[in-house]
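*Asks:* What follows is final13.txt, compact mmCIF, C-alpha atoms and all ligand atoms.
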# COMPACT_ATOMS: atom_id res chain seq x y z
CA MET A 208 22.44 -16.11 0.10
CA SER A 209 23.95 -14.08 -2.72
CA ASN A 210 23.34 -10.41 -3.16
CA LEU A 211 20.00 -10.27 -4.94
CA LYS A 212 17.02 -7.99 -4.57
CA ILE A 213 13.86 -10.05 -4.53
CA LEU A 214 10.34 -8.65 -4.50
CA VAL A 215 7.81 -10.89 -2.74
CA ILE A 216 4.17 -10.50 -3.75
CA ASN A 217 1.06 -11.83 -2.03
CA ALA A 218 -1.89 -10.89 -4.23
CA GLY A 219 -5.43 -11.18 -2.87
CA SER A 220 -8.66 -10.48 -4.69
CA SER A 221 -8.60 -6.74 -3.97
CA SER A 222 -5.22 -6.37 -2.29
CA LEU A 223 -1.52 -6.78 -2.97
CA LYS A 224 1.04 -7.12 -0.18
CA TYR A 225 4.72 -6.80 -0.97
CA GLN A 226 8.18 -6.90 0.56
CA LEU A 227 11.51 -6.17 -1.12
CA PHE A 228 14.42 -8.19 0.30
CA ASN A 229 18.15 -7.86 -0.01
CA THR A 230 18.98 -11.55 0.17
CA GLU A 231 22.58 -11.08 1.24
CA THR A 232 21.71 -9.18 4.40
CA SER A 233 18.17 -10.64 4.75
CA GLU A 234 17.14 -6.99 5.11
CA VAL A 235 13.64 -5.87 4.19
CA LEU A 236 14.27 -2.79 2.02
CA ALA A 237 10.59 -1.87 1.81
CA LYS A 238 7.23 -3.36 2.48
CA GLY A 239 3.69 -2.31 1.87
CA LEU A 240 0.13 -2.97 0.96
CA CYS A 241 -2.19 -1.90 -1.84
CA GLU A 242 -5.82 -2.23 -0.80
CA ARG A 243 -9.24 -1.71 -2.34
CA ILE A 244 -7.90 -2.47 -5.81
CA GLY A 245 -10.75 -2.07 -8.31
CA ILE A 246 -12.79 -0.10 -5.76
CA ASP A 247 -10.95 3.17 -5.08
CA GLY A 248 -7.43 2.32 -3.99
CA LYS A 249 -5.25 2.88 -0.93
CA VAL A 250 -1.54 2.31 -0.59
CA LYS A 251 0.78 2.09 2.38
CA HIS A 252 4.49 1.90 1.64
CA THR A 253 7.20 1.65 4.29
CA PRO A 254 10.82 2.07 3.18
CA ALA A 255 13.28 0.60 5.73
CA GLY A 256 14.15 3.10 8.46
CA LYS A 257 11.69 5.71 7.22
CA ASP A 258 8.13 6.72 8.04
CA SER A 259 5.33 5.02 6.17
CA TYR A 260 3.86 6.76 3.17
CA GLU A 261 0.08 6.43 2.89
CA ALA A 262 -2.09 7.70 0.06
CA ASP A 263 -5.31 7.20 -1.86
CA VAL A 264 -4.29 6.09 -5.34
CA ASN A 265 -6.84 5.03 -7.90
CA MET A 266 -6.05 1.44 -8.87
CA GLU A 267 -8.37 -0.16 -11.40
CA ASN A 268 -6.64 -3.52 -11.28
CA HIS A 269 -3.56 -5.40 -10.08
CA GLY A 270 -1.59 -4.00 -13.03
CA ASP A 271 -2.17 -0.49 -11.67
CA ALA A 272 -1.23 -1.69 -8.18
CA ILE A 273 2.10 -3.13 -9.28
CA LYS A 274 2.87 0.04 -11.25
CA THR A 275 2.15 2.06 -8.10
CA VAL A 276 4.49 -0.17 -6.08
CA ILE A 277 7.28 0.14 -8.69
CA LYS A 278 6.92 3.92 -8.73
CA LEU A 279 7.09 4.12 -4.93
CA MET A 280 10.13 1.83 -4.79
CA THR A 281 12.07 3.63 -7.52
CA THR A 282 11.26 7.35 -7.31
CA GLY A 283 11.21 10.26 -4.86
CA ASP A 284 11.48 10.09 -1.07
CA THR A 285 9.95 6.63 -0.93
CA ALA A 286 12.58 5.07 -3.25
CA VAL A 287 14.68 2.13 -2.06
CA VAL A 288 16.33 1.20 -5.38
CA GLY A 289 17.69 3.35 -8.23
CA SER A 290 15.63 1.69 -10.93
CA LEU A 291 13.47 -1.32 -11.72
CA GLU A 292 16.49 -3.09 -13.25
CA GLU A 293 17.95 -3.51 -9.74
CA ILE A 294 15.20 -6.00 -8.88
CA ASP A 295 16.47 -9.45 -9.77
CA ALA A 296 13.32 -11.54 -9.41
CA VAL A 297 9.79 -11.63 -8.04
CA GLY A 298 8.48 -14.42 -5.78
CA HIS A 299 4.71 -14.89 -5.71
CA ARG A 300 2.72 -16.64 -3.02
CA VAL A 301 0.24 -18.97 -4.72
CA LEU A 302 -2.35 -20.70 -2.55
CA HIS A 303 -3.08 -23.91 -4.40
CA GLY A 304 -0.69 -25.92 -6.52
CA GLY A 305 -2.85 -29.06 -6.40
CA ALA A 306 -0.79 -32.18 -7.09
CA GLU A 307 0.97 -30.31 -9.92
CA PHE A 308 3.64 -28.65 -7.81
CA SER A 309 5.80 -30.18 -5.11
CA LYS A 310 8.19 -27.24 -5.11
CA SER A 311 8.55 -23.65 -6.22
CA VAL A 312 8.99 -23.03 -9.95
CA ILE A 313 10.06 -20.29 -12.34
CA VAL A 314 6.91 -19.09 -14.07
CA ASN A 315 6.47 -19.90 -17.75
CA ASP A 316 3.41 -20.57 -19.93
CA ASP A 317 3.09 -24.15 -18.69
CA VAL A 318 3.18 -23.01 -15.06
CA ILE A 319 0.51 -20.40 -15.73
CA ALA A 320 -1.65 -23.07 -17.37
CA ALA A 321 -1.15 -25.38 -14.37
CA ILE A 322 -2.05 -22.63 -11.87
CA LYS A 323 -5.20 -22.00 -13.92
CA LYS A 324 -5.97 -25.72 -13.74
CA CYS A 325 -5.85 -25.47 -9.93
CA ILE A 326 -8.42 -22.62 -9.81
CA PRO A 327 -11.33 -24.97 -8.94
CA LEU A 328 -9.32 -26.08 -5.87
CA GLY A 329 -8.54 -22.52 -4.77
CA PRO A 330 -11.35 -20.48 -6.30
CA LEU A 331 -10.91 -17.47 -4.01
CA HIS A 332 -7.12 -17.16 -4.06
CA ASN A 333 -5.65 -18.68 -7.21
CA PRO A 334 -7.27 -16.22 -9.66
CA ALA A 335 -5.92 -13.32 -7.58
CA ASN A 336 -2.47 -14.91 -7.30
CA LEU A 337 -2.43 -15.40 -11.07
CA THR A 338 -3.51 -11.82 -11.68
CA GLY A 339 -0.53 -10.71 -9.56
CA ILE A 340 1.86 -12.82 -11.64
CA LEU A 341 0.48 -11.58 -14.96
CA ALA A 342 0.55 -7.95 -13.79
CA CYS A 343 4.21 -8.29 -12.77
CA GLU A 344 5.13 -10.02 -16.01
CA GLU A 345 3.69 -7.12 -17.91
CA ALA A 346 5.08 -4.31 -15.75
CA MET A 347 8.49 -5.92 -15.11
CA HIS A 348 9.20 -7.46 -18.45
CA GLY A 349 12.15 -9.86 -18.47
CA ILE A 350 12.48 -10.09 -14.67
CA PRO A 351 12.02 -13.74 -13.63
CA GLN A 352 8.85 -14.57 -11.73
CA VAL A 353 8.73 -17.49 -9.32
CA ALA A 354 5.60 -19.19 -7.96
CA VAL A 355 5.80 -20.48 -4.37
CA PHE A 356 2.86 -22.69 -3.42
CA ASP A 357 1.23 -22.99 0.00
CA THR A 358 0.56 -26.65 -0.77
CA ALA A 359 3.98 -27.70 -2.14
CA PHE A 360 5.71 -28.76 1.08
CA HIS A 361 2.89 -31.18 1.86
CA GLN A 362 3.19 -33.06 -1.43
CA THR A 363 5.48 -35.62 0.22
CA MET A 364 2.57 -36.98 2.29
CA PRO A 365 1.96 -40.68 1.69
CA GLN A 366 -1.30 -41.79 0.13
CA LYS A 367 -2.66 -43.05 3.46
CA ALA A 368 -2.42 -39.47 4.79
CA TYR A 369 -3.92 -37.68 1.82
CA LEU A 370 -6.67 -40.02 0.64
CA TYR A 371 -10.19 -39.38 1.98
CA ALA A 372 -12.50 -42.35 2.50
CA LEU A 373 -14.84 -41.26 -0.27
CA PRO A 374 -15.65 -42.96 -3.58
CA TYR A 375 -12.22 -43.19 -5.24
CA GLU A 376 -13.55 -41.68 -8.44
CA TYR A 377 -13.81 -38.25 -6.75
CA TYR A 378 -10.09 -38.34 -6.14
CA LYS A 379 -9.44 -39.38 -9.71
CA LYS A 380 -11.98 -37.11 -11.39
CA TYR A 381 -11.81 -33.99 -9.22
CA GLY A 382 -8.57 -34.28 -7.28
CA VAL A 383 -10.44 -34.55 -3.95
CA ARG A 384 -7.64 -35.31 -1.46
CA ARG A 385 -5.73 -33.67 1.37
CA TYR A 386 -3.35 -30.98 0.12
CA GLY A 387 -2.57 -28.94 3.22
CA PHE A 388 -1.66 -25.25 3.46
CA HIS A 389 0.78 -22.88 5.22
CA GLY A 390 3.40 -25.10 3.52
CA THR A 391 5.96 -22.30 3.21
CA SER A 392 5.72 -21.73 6.96
CA HIS A 393 5.84 -25.44 7.87
CA MET A 394 8.88 -25.90 5.62
CA TYR A 395 10.73 -22.83 6.93
CA VAL A 396 10.01 -23.54 10.59
CA SER A 397 10.79 -27.26 10.39
CA GLN A 398 14.11 -26.52 8.65
CA LYS A 399 14.97 -23.97 11.36
CA ALA A 400 14.08 -26.56 14.01
CA ILE A 401 16.30 -29.15 12.35
CA GLU A 402 19.19 -26.63 12.24
CA PHE A 403 18.59 -25.77 15.88
CA LEU A 404 18.49 -29.40 17.00
CA GLY A 405 21.77 -29.97 15.17
CA LYS A 406 21.07 -33.53 14.07
CA PRO A 407 20.66 -34.97 10.57
CA ALA A 408 17.11 -34.36 9.29
CA GLU A 409 16.70 -38.13 8.72
CA GLU A 410 16.88 -38.71 12.47
CA LEU A 411 14.23 -36.18 13.47
CA LYS A 412 10.48 -36.35 13.96
CA ILE A 413 8.93 -32.92 14.44
CA ILE A 414 5.43 -31.53 14.88
CA VAL A 415 4.98 -27.93 13.73
CA CYS A 416 2.02 -26.05 15.23
CA HIS A 417 1.33 -23.00 13.05
CA LEU A 418 -1.21 -21.18 15.21
CA GLY A 419 -2.51 -17.90 13.85
CA ASN A 420 -5.79 -16.65 12.48
CA GLY A 421 -5.65 -19.73 10.34
CA SER A 422 -4.05 -22.66 12.15
CA SER A 423 -2.55 -25.89 10.95
CA ILE A 424 -0.32 -28.61 12.33
CA SER A 425 2.08 -30.76 10.37
CA ALA A 426 4.08 -33.90 11.06
CA VAL A 427 7.59 -33.67 9.60
CA SER A 428 9.68 -36.82 9.59
CA GLY A 429 13.15 -36.87 8.03
CA GLY A 430 12.65 -33.25 6.92
CA LYS A 431 9.56 -34.20 4.88
CA CYS A 432 5.93 -33.55 5.60
CA VAL A 433 4.12 -36.83 6.29
CA ASP A 434 0.77 -35.43 7.42
CA THR A 435 -0.98 -32.12 7.98
CA SER A 436 -4.25 -30.98 9.49
CA MET A 437 -5.67 -28.84 6.67
CA GLY A 438 -7.23 -30.68 3.76
CA LEU A 439 -8.62 -30.08 0.30
CA THR A 440 -9.19 -26.55 1.58
CA PRO A 441 -7.95 -24.66 4.67
CA LEU A 442 -11.26 -25.42 6.43
CA GLU A 443 -10.19 -28.78 7.84
CA GLY A 444 -8.29 -29.50 11.04
CA LEU A 445 -8.17 -27.31 14.13
CA PRO A 446 -10.94 -24.91 15.06
CA MET A 447 -9.51 -21.53 14.00
CA GLY A 448 -10.30 -17.84 14.40
CA THR A 449 -13.46 -18.15 12.32
CA ARG A 450 -13.19 -21.60 10.65
CA SER A 451 -14.85 -24.65 12.16
CA GLY A 452 -12.08 -27.16 11.50
CA ASN A 453 -13.15 -30.81 11.79
CA ILE A 454 -16.83 -31.44 12.32
CA ASP A 455 -19.19 -34.30 11.57
CA PRO A 456 -20.09 -33.77 7.88
CA ALA A 457 -23.72 -34.73 8.61
CA ILE A 458 -24.05 -31.51 10.64
CA LEU A 459 -24.27 -29.55 7.40
CA GLU A 460 -27.54 -31.07 6.22
CA TYR A 461 -28.99 -30.92 9.72
CA ILE A 462 -28.32 -27.19 10.14
CA MET A 463 -29.27 -26.37 6.54
CA ASP A 464 -32.66 -28.05 7.00
CA ASN A 465 -33.31 -26.43 10.35
CA GLU A 466 -32.15 -22.95 9.37
CA ASN A 467 -33.41 -23.17 5.79
CA ILE A 468 -30.11 -22.07 4.29
CA ASP A 469 -28.29 -23.25 1.17
CA ILE A 470 -24.85 -24.83 0.91
CA HIS A 471 -23.15 -21.51 0.05
CA GLU A 472 -24.44 -19.89 3.20
CA MET A 473 -23.52 -22.98 5.19
CA THR A 474 -19.96 -22.94 3.82
CA ASN A 475 -19.71 -19.25 4.58
CA ILE A 476 -20.78 -19.97 8.18
CA LEU A 477 -18.14 -22.71 8.44
CA ASN A 478 -15.43 -20.39 7.11
CA LYS A 479 -16.34 -17.01 8.61
CA LYS A 480 -18.63 -17.47 11.61
CA SER A 481 -17.36 -20.60 13.31
CA GLY A 482 -14.16 -21.53 15.14
CA VAL A 483 -13.38 -19.67 18.37
CA LEU A 484 -15.51 -16.75 17.17
CA GLY A 485 -18.46 -19.10 16.75
CA ILE A 486 -18.13 -20.71 20.17
CA SER A 487 -17.33 -17.53 22.09
CA GLY A 488 -19.57 -15.11 20.20
CA ILE A 489 -16.94 -12.52 21.12
CA SER A 490 -13.95 -12.46 18.83
CA SER A 491 -11.65 -14.46 16.57
CA ASP A 492 -8.63 -12.81 18.21
CA PHE A 493 -7.03 -14.80 21.01
CA ARG A 494 -6.05 -11.68 22.93
CA ASP A 495 -9.74 -10.74 23.20
CA LEU A 496 -10.63 -14.29 24.21
CA TYR A 497 -8.06 -14.42 27.02
CA ALA A 498 -9.19 -11.00 28.25
CA ALA A 499 -12.82 -12.16 28.27
CA LYS A 500 -11.93 -15.44 29.99
CA ASP A 501 -10.05 -13.50 32.68
CA GLN A 502 -13.27 -11.60 33.31
CA GLY A 503 -15.16 -14.83 33.79
CA ASN A 504 -16.68 -15.26 30.34
CA GLU A 505 -17.47 -18.97 30.07
CA ARG A 506 -17.93 -19.13 26.33
CA ALA A 507 -14.54 -17.52 25.76
CA ALA A 508 -13.07 -20.16 28.09
CA ALA A 509 -14.93 -22.91 26.20
CA ALA A 510 -13.57 -21.65 22.86
CA LEU A 511 -10.02 -21.62 24.17
CA GLU A 512 -10.39 -25.08 25.69
CA SER A 513 -11.73 -26.47 22.45
CA PHE A 514 -8.77 -25.02 20.48
CA ILE A 515 -6.21 -26.28 22.99
CA TYR A 516 -7.79 -29.73 23.20
CA SER A 517 -7.73 -30.05 19.43
CA ILE A 518 -4.01 -29.16 19.31
CA GLN A 519 -3.31 -31.79 21.98
CA LYS A 520 -5.16 -34.43 19.98
CA PHE A 521 -3.18 -33.61 16.83
CA ILE A 522 0.11 -33.77 18.71
CA GLY A 523 -0.81 -37.20 20.14
CA SER A 524 -2.01 -38.56 16.81
CA TYR A 525 0.99 -37.28 14.83
CA ALA A 526 3.45 -38.70 17.36
CA ALA A 527 1.69 -42.05 16.88
CA ALA A 528 1.66 -41.63 13.08
CA MET A 529 5.41 -40.96 13.03
CA GLY A 530 6.20 -43.61 15.64
CA GLY A 531 7.99 -41.12 17.87
CA LEU A 532 8.65 -37.48 18.45
CA ASP A 533 11.75 -35.32 18.95
CA ALA A 534 10.31 -31.80 19.00
CA VAL A 535 7.10 -29.80 19.07
CA VAL A 536 7.47 -26.37 17.49
CA PHE A 537 5.14 -23.41 18.05
CA THR A 538 4.94 -20.66 15.44
CA ALA A 539 2.76 -17.85 13.97
CA GLY A 540 0.87 -15.10 15.84
CA ILE A 541 -0.49 -17.26 18.67
CA GLY A 542 2.25 -19.88 18.73
CA GLU A 543 4.98 -17.24 18.97
CA ASN A 544 3.31 -14.80 21.34
CA ASN A 545 0.90 -16.59 23.60
CA ALA A 546 2.87 -18.24 26.41
CA ALA A 547 -0.27 -19.10 28.39
CA LEU A 548 -1.67 -21.05 25.49
CA ARG A 549 1.61 -22.93 24.95
CA ALA A 550 1.66 -23.87 28.62
CA SER A 551 -1.94 -25.13 28.47
CA VAL A 552 -1.26 -27.19 25.34
CA VAL A 553 1.72 -29.06 26.76
CA GLU A 554 0.39 -29.36 30.30
CA PRO A 555 -1.09 -32.89 29.96
CA LEU A 556 1.62 -34.12 27.58
CA GLY A 557 4.28 -34.79 30.20
CA PHE A 558 3.67 -38.53 29.82
CA MET A 559 5.08 -38.20 26.28
CA GLY A 560 8.18 -36.41 27.56
CA ILE A 561 6.87 -33.00 26.49
CA LYS A 562 7.54 -30.60 29.36
CA ILE A 563 8.30 -26.90 29.34
CA ASP A 564 10.21 -24.67 31.69
CA PRO A 565 7.61 -22.07 32.81
CA LYS A 566 10.26 -19.34 33.11
CA LYS A 567 11.77 -19.95 29.67
CA ASN A 568 8.25 -20.06 28.23
CA GLU A 569 7.61 -16.52 29.47
CA VAL A 570 10.80 -14.97 28.06
CA ARG A 571 10.10 -13.66 24.58
CA GLY A 572 12.72 -14.71 22.04
CA THR A 573 13.66 -17.96 23.80
CA ILE A 574 13.76 -20.73 21.21
CA ASP A 575 14.10 -23.78 23.45
CA ILE A 576 11.49 -23.61 26.19
CA SER A 577 11.85 -27.27 27.22
CA ALA A 578 12.23 -28.33 30.84
CA GLU A 579 15.53 -29.94 31.89
CA ASP A 580 13.98 -33.40 32.10
CA ALA A 581 11.97 -33.21 28.88
CA THR A 582 12.75 -35.98 26.40
CA VAL A 583 10.94 -34.14 23.61
CA LYS A 584 12.02 -30.56 22.90
CA THR A 585 9.49 -27.75 22.81
CA LEU A 586 10.63 -24.89 20.58
CA VAL A 587 9.27 -21.46 19.67
CA ILE A 588 10.44 -20.46 16.20
CA PRO A 589 9.08 -17.31 14.51
CA THR A 590 7.83 -17.99 11.02
CA ASP A 591 8.67 -15.70 8.11
CA GLU A 592 6.75 -16.75 5.05
CA GLU A 593 7.86 -13.75 2.99
CA PHE A 594 11.53 -14.39 3.71
CA ALA A 595 11.07 -18.07 2.87
CA ILE A 596 9.51 -17.08 -0.46
CA ALA A 597 12.44 -14.71 -1.14
CA ARG A 598 14.91 -17.47 -0.29
CA ASP A 599 13.23 -20.00 -2.58
CA THR A 600 13.02 -17.43 -5.36
CA GLU A 601 16.69 -16.62 -4.99
CA ARG A 602 17.59 -20.31 -5.06
CA LEU A 603 15.71 -20.85 -8.29
CA VAL A 604 16.89 -17.78 -10.18
CA SER A 605 20.50 -18.23 -9.16
CA GLY A 606 20.32 -21.88 -10.26
CA LYS A 607 21.25 -23.24 -6.82
P1 LIG A 701 -2.59 -14.76 10.23
O1 LIG A 701 -3.02 -16.20 10.16
O2 LIG A 701 -3.64 -13.80 9.79
O3 LIG A 701 -1.20 -14.49 9.68
P2 LIG A 701 -1.34 -14.30 12.81
O4 LIG A 701 -0.29 -15.35 12.63
O5 LIG A 701 -0.93 -12.88 12.82
O6 LIG A 701 -2.53 -14.50 11.80
O7 LIG A 701 -2.09 -14.62 14.20
C1 LIG A 701 -3.14 -13.86 14.67
C2 LIG A 701 -3.42 -14.29 16.12
O8 LIG A 701 -2.20 -14.16 16.85
C3 LIG A 701 -4.46 -13.50 16.87
O9 LIG A 701 -5.42 -14.37 17.44
C4 LIG A 701 -3.70 -12.78 17.97
O10 LIG A 701 -4.40 -12.83 19.18
C5 LIG A 701 -2.42 -13.54 18.09
N1 LIG A 701 -1.30 -12.61 18.35
C6 LIG A 701 -0.63 -11.90 17.42
N2 LIG A 701 0.31 -11.11 18.01
C7 LIG A 701 0.21 -11.33 19.34
C8 LIG A 701 0.88 -10.82 20.50
N3 LIG A 701 1.86 -9.93 20.39
N4 LIG A 701 0.50 -11.30 21.71
C9 LIG A 701 -0.48 -12.22 21.82
N5 LIG A 701 -1.15 -12.71 20.78
C10 LIG A 701 -0.83 -12.29 19.56
Turn this file's structure into structure tokens for me.
*Replies:*
Amino acid sequence: MSNLKILVINAGSSSLKYQLFNTETSEVLAKGLCERIGIDGKVKHTPAGKDSYEADVNMENHGDAIKTVIKLMTTGDTAVVGSLEEIDAVGHRVLHGGAEFSKSVIVNDDVIAAIKKCIPLGPLHNPANLTGILACEEAMHGIPQVAVFDTAFHQTMPQKAYLYALPYEYYKKYGVRRYGFHGTSHMYVSQKAIEFLGKPAEELKIIVCHLGNGSSISAVSGGKCVDTSMGLTPLEGLPMGTRSGNIDPAILEYIMDNENIDIHEMTNILNKKSGVLGISGISSDFRDLYAAKDQGNERAAAALESFIYSIQKFIGSYAAAMGGLDAVVFTAGIGENNAALRASVVEPLGFMGIKIDPKKNEVRGTIDISAEDATVKTLVIPTDEEFAIARDTERLVSGK
């Protein structure tokens, strides 16, 4: 990387997370979070090596939030750069790029129009992401803005992986197809895995298990995504913290009729009250679930089993889809930190050559946790979506 300072922005509907990177050293110069934008406003700003600064700051909108961030980064005790001019570019996380974007792009009027066009596909996130871009354009005039899409890495999927068996006109008219999410993470982690394995990307078939609050699995063959578990929206695939993942679609009508609820409430239940929270009735956090299971809670155990079983099925099906497998990679909050879960996932997969060394699995920071006689590697690679966004932004603005 060259020596650029890149601000990474992840704008939500009432929040704005940020990190400022020095791309030469990969150092995070500052990071923080503006919350309750449009309500009252709270900010937490952490300059590298210093205590966090926390304050109530009235922020009417994302424009106010970005001005607050600039002020904190450039003035007083919280400053990490001399002036705004030292920031070379801004990279924005954008949830949904539809079929419009297969890679990151420098923002211009056409890009803004295309992100707007994708709002129906990402109605909760895209408007907020766009607001973040427009606020930065206004407050940081002339500094290039880059959009990095959660869906972009998955655009290489073949039609057989992305087409749903629905009337074709819905695909044509409304863009109903699999898009996939967590793309920045799947791309970053699969590239790291390829580097680690030290073989040409073309020769490698990898399954990336991004297991966090939201979880998704992707099949990466020859360095390209060929399938992924999330779909039109992040609701599909594995059961997650609070999302149902795959279910029989006919369940919706059945529950709606019985409970006398409408489709909005049903969708809310599928997104917020299902997954391991739904099964366990305890928590969406895997630490809580393991603690409850250890105390004999059967529903917590059932939730964990269901999650683990689903991961195993995806690994088996993606190995079949790719016609082979060289490595399984675990990443994100659960994948990186929960050794017990990793051990449970791979336990029945020995017949595929997936075997871990229990000791290596327990030692935090070990990348290759495979057993000596494994023919498929099992790796633990920490994801860093913000850094990946900074790296892509740098690549685009420096014309690499
Ligand atoms: P998000 O999808 O919100 O980014 P994360 O990737 O942070 O979520 O994952 C959150 C999950 O990771 C939680 O279920 C939590 O139990 C688990 N997790 C995070 N950190 C740890 C840790 N140090 N030890 C065990 N589990 C952890």
*Asks:* Enclose segment 370-377 of chain A, meaning all of its atoms listed in the file, in a box aligned along x, y and z, pad it by 3 Å on each side, and list the centre and edge lengths in Å to one decimal, as lines of an AutoDock Vina configuration file.
*Replies:*
center_x = -11.2
center_y = -40.7
center_z = -3.0
size_x = 15.0
size_y = 10.9
size_z = 16.9
*Asks:* Find the nearest atom pair between each residue of chain A and ligand LIG 701 (chain A) for residues within 6 Å, count all atoms listed in the file, give distances in Å to one decimal, sort rows by chain and ascending number, and present the table as CSV.
*Replies:*
residue,atom,partner,partner_atom,distance
A:Gly419,CA,A:LIG701,O7,3.3
A:Asn420,CA,A:LIG701,O1,3.6
A:Gly421,CA,A:LIG701,O1,4.4
A:Asp492,CA,A:LIG701,O9,3.7
A:Phe493,CA,A:LIG701,O10,3.8
A:Arg494,CA,A:LIG701,O10,4.3
A:Ala539,CA,A:LIG701,O4,4.2
A:Gly540,CA,A:LIG701,O8,3.4
A:Ile541,CA,A:LIG701,O8,4.0
A:Asn544,CA,A:LIG701,N4,4.5
A:Asn545,CA,A:LIG701,C9,4.9
*Asks:* Please write as a PyMOL selection string the list of polymer residues whose atoms come within 9 Å of (7.8, -36.4, 18.5), counting all atoms listed in the file and keeping to the coordinates of the file.
*Replies:* chain A and resi 411-414+426+522-523+525-527+529-535+559+561+583-584
*Asks:* Using all atoms listed in the file, which residue out of A:Val235, A:Gly304, A:Ala528, A:Glu409 lies closest to Pro365 of chain A?
*Replies:*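 Answer, going by the shortest atom-to-atom distance: A:Ala528.
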*Asks:* Tell me which of A:Met347, A:Ala508, A:Met447, A:Ala499 sits closest to Ile277 of chain A, counting only C-alpha atoms.
*Replies:*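 Residue with the minimum atom-to-atom distance to Ile277 of chain A: A:Met347.
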*Asks:* Would you mind telling me which residue in A:Ala597, A:Ile340, A:Ala286, A:Met364 lies nearest to Asn210 of chain A when using only C-alpha atoms?
*Replies:*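 Of A:Ala597, A:Ile340, A:Ala286, A:Met364, the one nearest Asn210 of chain A, counting only C-alpha atoms, is A:Ala597.
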*Asks:* I'd like the contact shell of Leu445 of chain A - 9 Å cut-off, only C-alpha atoms, skipping same-chain residues fewer than 2 positions apart - returned as a list in words.
*Replies:*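 Listing them by chain and then by number gives Gly421, Ser422, Ser423, Ile424, Ser436, Met437, Leu442, Glu443, Met447, Arg450, Ser451, Gly452, Asn453, Gly482, Phe514, Ser517, Ile518 and Phe521 of chain A.
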*Asks:* Tell me which protein, DNA and RNA residues are within 9 Å of Gln226 of chain A, counting all atoms listed in the file, leaving out same-chain ones fewer than 3 positions away, and put them as a PyMOL selection string.
*Replies:* chain A and resi 213-216+235-240+593-594
*Asks:* As an exercise, work out the distance from atom CA of Ala408 of chain A to atom CA of Ser605 of chain A in Å and give it to one decimal place.
*Replies:*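 Pair atom CA of Ala408 of chain A / atom CA of Ser605 of chain A returns 24.7 Å.
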*Asks:* How would you write as a PDB file with C-alpha atoms, in the coordinates of the input the residues that get within 10 Å of (9.0, 8.5, -1.6) in the file's frame, counting only C-alpha atoms?
*Replies:*
ATOM      1  CA  HIS A 252       4.490   1.900   1.640  1.00  0.00           C
ATOM      2  CA  THR A 253       7.200   1.650   4.290  1.00  0.00           C
ATOM      3  CA  PRO A 254      10.820   2.070   3.180  1.00  0.00           C
ATOM      4  CA  LYS A 257      11.690   5.710   7.220  1.00  0.00           C
ATOM      5  CA  ASP A 258       8.130   6.720   8.040  1.00  0.00           C
ATOM      6  CA  SER A 259       5.330   5.020   6.170  1.00  0.00           C
ATOM      7  CA  TYR A 260       3.860   6.760   3.170  1.00  0.00           C
ATOM      8  CA  LYS A 278       6.920   3.920  -8.730  1.00  0.00           C
ATOM      9  CA  LEU A 279       7.090   4.120  -4.930  1.00  0.00           C
ATOM     10  CA  MET A 280      10.130   1.830  -4.790  1.00  0.00           C
ATOM     11  CA  THR A 281      12.070   3.630  -7.520  1.00  0.00           C
ATOM     12  CA  THR A 282      11.260   7.350  -7.310  1.00  0.00           C
ATOM     13  CA  GLY A 283      11.210  10.260  -4.860  1.00  0.00           C
ATOM     14  CA  ASP A 284      11.480  10.090  -1.070  1.00  0.00           C
ATOM     15  CA  THR A 285       9.950   6.630  -0.930  1.00  0.00           C
ATOM     16  CA  ALA A 286      12.580   5.070  -3.250  1.00  0.00           C
ATOM     17  CA  VAL A 287      14.680   2.130  -2.060  1.00  0.00           C
TER      18      VAL A 287
END
*Asks:* Excluding Gln352 of chain A and residues on its chain fewer than 5 positions from it, collect all residues at most 7 Å away from it, counting only C-alpha atoms, and give them as a list of chain:residue names.
*Replies:*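 Counting only C-alpha atoms, the residues come to A:Ala296, A:Val297, A:Gly298, A:Ile313, A:Val314.
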*Asks:* What does the distance from atom CA of Leu484 of chain A to atom CA of Glu472 of chain A come to in Å, to one decimal?
*Replies:*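 These atoms are spaced 16.9 Å apart.
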